[in-house]
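Okay, final.cif is below, mmCIF, C-alpha atoms and all ligand atoms:
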```cif
data_work
loop_
_atom_site.group_PDB
_atom_site.id
_atom_site.type_symbol
_atom_site.label_atom_id
_atom_site.label_comp_id
_atom_site.auth_asym_id
_atom_site.auth_seq_id
_atom_site.Cartn_x
_atom_site.Cartn_y
_atom_site.Cartn_z
ATOM 1 C CA MET A 1 -13.299 -5.742 14.771
ATOM 2 C CA ILE A 2 -15.933 -7.482 12.703
ATOM 3 C CA GLY A 3 -14.557 -9.335 9.686
ATOM 4 C CA ASP A 4 -12.980 -6.734 7.447
ATOM 5 C CA LEU A 5 -14.483 -3.818 9.325
ATOM 6 C CA PHE A 6 -12.841 -1.782 12.046
ATOM 7 C CA VAL A 7 -15.455 -0.600 14.509
ATOM 8 C CA VAL A 8 -15.215 2.468 16.716
ATOM 9 C CA VAL A 9 -17.820 3.346 19.325
ATOM 10 C CA TRP A 10 -17.587 7.020 20.169
ATOM 11 C CA ASP A 11 -18.302 8.747 23.479
ATOM 12 C CA ASP A 12 -21.547 10.126 22.068
ATOM 13 C CA GLY A 13 -22.722 6.610 21.257
ATOM 14 C CA HIS A 14 -22.154 6.862 17.523
ATOM 15 C CA GLU A 15 -20.714 3.741 15.928
ATOM 16 C CA SER A 16 -18.377 3.955 12.961
ATOM 17 C CA TYR A 17 -17.598 1.013 10.701
ATOM 18 C CA TYR A 18 -14.472 1.426 8.623
ATOM 19 C CA PRO A 19 -13.734 -1.021 5.828
ATOM 20 C CA LEU A 20 -10.103 -1.997 6.457
ATOM 21 C CA GLU A 21 -9.094 -1.481 2.855
ATOM 22 C CA GLU A 22 -10.392 2.085 2.838
ATOM 23 C CA LEU A 23 -8.802 2.786 6.188
ATOM 24 C CA ARG A 24 -5.426 1.609 4.919
ATOM 25 C CA ARG A 25 -5.696 3.471 1.626
ATOM 26 C CA ALA A 26 -6.475 6.636 3.563
ATOM 27 C CA CYS A 27 -3.516 6.089 5.894
ATOM 28 C CA PRO A 28 -2.428 9.575 6.985
ATOM 29 C CA CYS A 29 1.284 8.796 7.348
ATOM 30 C CA ALA A 30 3.901 10.593 5.278
ATOM 31 C CA VAL A 31 4.773 7.477 3.299
ATOM 32 C CA CYS A 32 1.218 6.886 2.137
ATOM 33 C CA SER A 33 0.070 10.467 1.750
ATOM 34 C CA GLY A 34 3.289 11.613 0.072
ATOM 35 C CA GLU A 35 3.617 14.576 2.387
ATOM 36 C CA PRO A 36 7.042 15.817 3.438
ATOM 37 C CA ASP A 37 8.201 14.684 6.847
ATOM 38 C CA LEU A 38 9.291 16.965 9.691
ATOM 39 C CA PHE A 39 12.566 17.695 7.911
ATOM 40 C CA GLY A 40 10.910 18.632 4.641
ATOM 41 C CA ARG A 41 12.023 15.493 2.879
ATOM 42 C CA MET A 42 9.620 13.518 0.816
ATOM 43 C CA ALA A 43 9.283 10.137 2.436
ATOM 44 C CA GLY A 44 9.776 7.795 -0.450
ATOM 45 C CA GLY A 45 7.347 9.398 -2.825
ATOM 46 C CA LEU A 46 6.776 5.981 -4.335
ATOM 47 C CA PRO A 47 3.261 4.763 -4.774
ATOM 48 C CA GLN A 48 2.355 2.285 -2.085
ATOM 49 C CA ARG A 49 2.453 -1.325 -3.106
ATOM 50 C CA TYR A 50 -0.307 -3.072 -1.277
ATOM 51 C CA THR A 51 -0.435 -6.773 -0.584
ATOM 52 C CA PRO A 52 -3.317 -8.740 0.928
ATOM 53 C CA ALA A 53 -1.579 -8.309 4.291
ATOM 54 C CA SER A 54 -1.797 -4.549 3.830
ATOM 55 C CA PHE A 55 -5.492 -4.723 4.548
ATOM 56 C CA VAL A 56 -5.282 -7.005 7.555
ATOM 57 C CA LEU A 57 -5.366 -5.216 10.875
ATOM 58 C CA GLN A 58 -3.331 -6.981 13.571
ATOM 59 C CA SER A 59 -3.975 -4.576 16.401
ATOM 60 C CA VAL A 60 -4.697 -0.952 17.163
ATOM 61 C CA GLU A 61 -2.658 0.947 19.717
ATOM 62 C CA PRO A 62 -4.065 3.986 21.497
ATOM 63 C CA ILE A 63 -1.711 6.987 21.381
ATOM 64 C CA GLY A 64 -2.339 8.949 24.533
ATOM 65 C CA ASN A 65 -5.986 9.914 24.501
ATOM 66 C CA TYR A 66 -6.011 11.640 21.160
ATOM 67 C CA ALA A 67 -5.230 9.083 18.484
ATOM 68 C CA LEU A 68 -5.142 5.473 17.338
ATOM 69 C CA GLN A 69 -2.289 3.743 15.565
ATOM 70 C CA PRO A 70 -3.279 0.784 13.399
ATOM 71 C CA ASN A 71 -0.777 -2.052 13.228
ATOM 72 C CA TRP A 72 -1.142 -3.556 9.747
ATOM 73 C CA ALA A 73 -0.112 -7.133 9.035
ATOM 74 C CA ASP A 74 2.428 -6.040 6.404
ATOM 75 C CA GLY A 75 4.366 -4.215 9.119
ATOM 76 C CA HIS A 76 3.042 -0.749 8.323
ATOM 77 C CA THR A 77 2.489 1.105 11.599
ATOM 78 C CA TYR A 78 3.214 4.697 10.649
ATOM 79 C CA GLY A 79 -0.333 5.925 10.286
ATOM 80 C CA ILE A 80 -1.555 7.843 13.312
ATOM 81 C CA TRP A 81 -5.245 8.584 13.250
ATOM 82 C CA ALA A 82 -6.218 11.496 15.456
ATOM 83 C CA TYR A 83 -9.752 10.845 16.693
ATOM 84 C CA GLU A 84 -10.965 13.987 14.952
ATOM 85 C CA ARG A 85 -9.636 12.756 11.647
ATOM 86 C CA LEU A 86 -10.998 9.285 12.206
ATOM 87 C CA ARG A 87 -14.439 10.633 13.025
ATOM 88 C CA ALA A 88 -14.374 12.859 9.951
ATOM 89 C CA PHE A 89 -13.552 9.765 7.890
ATOM 90 C CA CYS A 90 -16.554 7.840 9.246
ATOM 91 C CA PRO A 91 -18.363 6.482 6.167
ATOM 92 C CA ASP A 92 -21.704 6.878 7.871
ATOM 93 C CA CYS A 93 -21.209 10.528 8.863
ATOM 94 C CA ALA A 94 -19.791 11.397 5.448
ATOM 95 C CA ASN A 95 -23.080 10.448 3.831
ATOM 96 C CA LYS A 96 -25.126 12.838 5.892
HETATM 97 ZN ZN ZN A 101 0.834 4.811 5.860
#
```
For the structure just supplied, provide its representation as structure tokens.
Amino acid sequence: MIGDLFVVVWDDGHESYYPLEELRRACPCAVCSGEPDLFGRMAGGLPQRYTPASFVLQSVEPIGNYALQPNWADGHTYGIWAYERLRAFCPDCANK
């Protein structure tokens, strides 16, 4: 991590720099994206209320070898970023 950027170095040598705020706002979990959960219920459906802690990354846990789970300082740990999705979200690649 560099300041407010989350850095990923990929197997092919590409480096991705994700602004933490954008990463959090794009959180793929059901609560943030408003998608129904496994049981078809809407999880909350309320707009997220962000605090400064929402954009502070405490740690990132690897999930198997296919995803990363950011651990946000406000206690939000539901977002699971599959590597494919994370790579597709790379701000650098998106501009090409
Ligand atoms: Zn989320």
Fill in: Residues within 6 Å of ligand ZN 101 (chain A), counting all atoms listed in the file, as a PyMOL selection string
chain A and resi 27-29+31-32+78-79
With C-alpha atoms retained, write the just-selected residues as a PDB file, keeping the file's coordinate frame.
```pdb
ATOM      1  CA  CYS A  27      -3.516   6.089   5.894  1.00  0.00           C
ATOM      2  CA  PRO A  28      -2.428   9.575   6.985  1.00  0.00           C
ATOM      3  CA  CYS A  29       1.284   8.796   7.348  1.00  0.00           C
ATOM      4  CA  VAL A  31       4.773   7.477   3.299  1.00  0.00           C
ATOM      5  CA  CYS A  32       1.218   6.886   2.137  1.00  0.00           C
ATOM      6  CA  TYR A  78       3.214   4.697  10.649  1.00  0.00           C
ATOM      7  CA  GLY A  79      -0.333   5.925  10.286  1.00  0.00           C
TER       8      GLY A  79
END
```
Practice prompt. Have a look at A:Asp92, A:Asp4, A:Glu22, A:Asp11 and name the one nearest to Gln58 (chain A); count only C-alpha atoms.
Written response: A:Asp4
Practice prompt. Fewer than 6 positions away in the same chain doesn't count, so skip those; otherwise give me all residues within 12 Å of Gly64 (chain A), counting all atoms listed in the file, as a list of chain:residue names.
Written response: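 Here the qualifying residues turn out to be A:Ile80, A:Trp81, A:Ala82, A:Tyr83.
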Worksheet item: What residues come out when you apply the PyMOL selection byres (((chain A and resi 51) around 12) and not hetatm) to this file, written as a list in words?
Response: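 Residues picked by the PyMOL selection byres (((chain A and resi 51) around 12) and not hetatm): Glu21, Arg24, Arg25, Gln48, Arg49, Tyr50, Pro52, Ala53, Ser54, Phe55, Val56, Trp72, Ala73, Asp74, Gly75 and His76 of chain A.
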Worksheet item: Which residues come within 12 Å of Glu84 (chain A), counting only C-alpha atoms, excluding same-chain residues fewer than 4 positions away, as a list of chain:residue names?
Response: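 Counting only C-alpha atoms, the residues come to A:Trp10, A:Asn65, A:Tyr66, A:Ala67, A:Leu68, A:Ile80, A:Ala88, A:Phe89, A:Cys90.
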Fill in: CA of Val9 (chain A) to CA of Asn71 (chain A), straight-line distance in Å
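Result for CA of Asn71 (chain A) versus CA of Val9 (chain A): 18.9 Å, one decimal.
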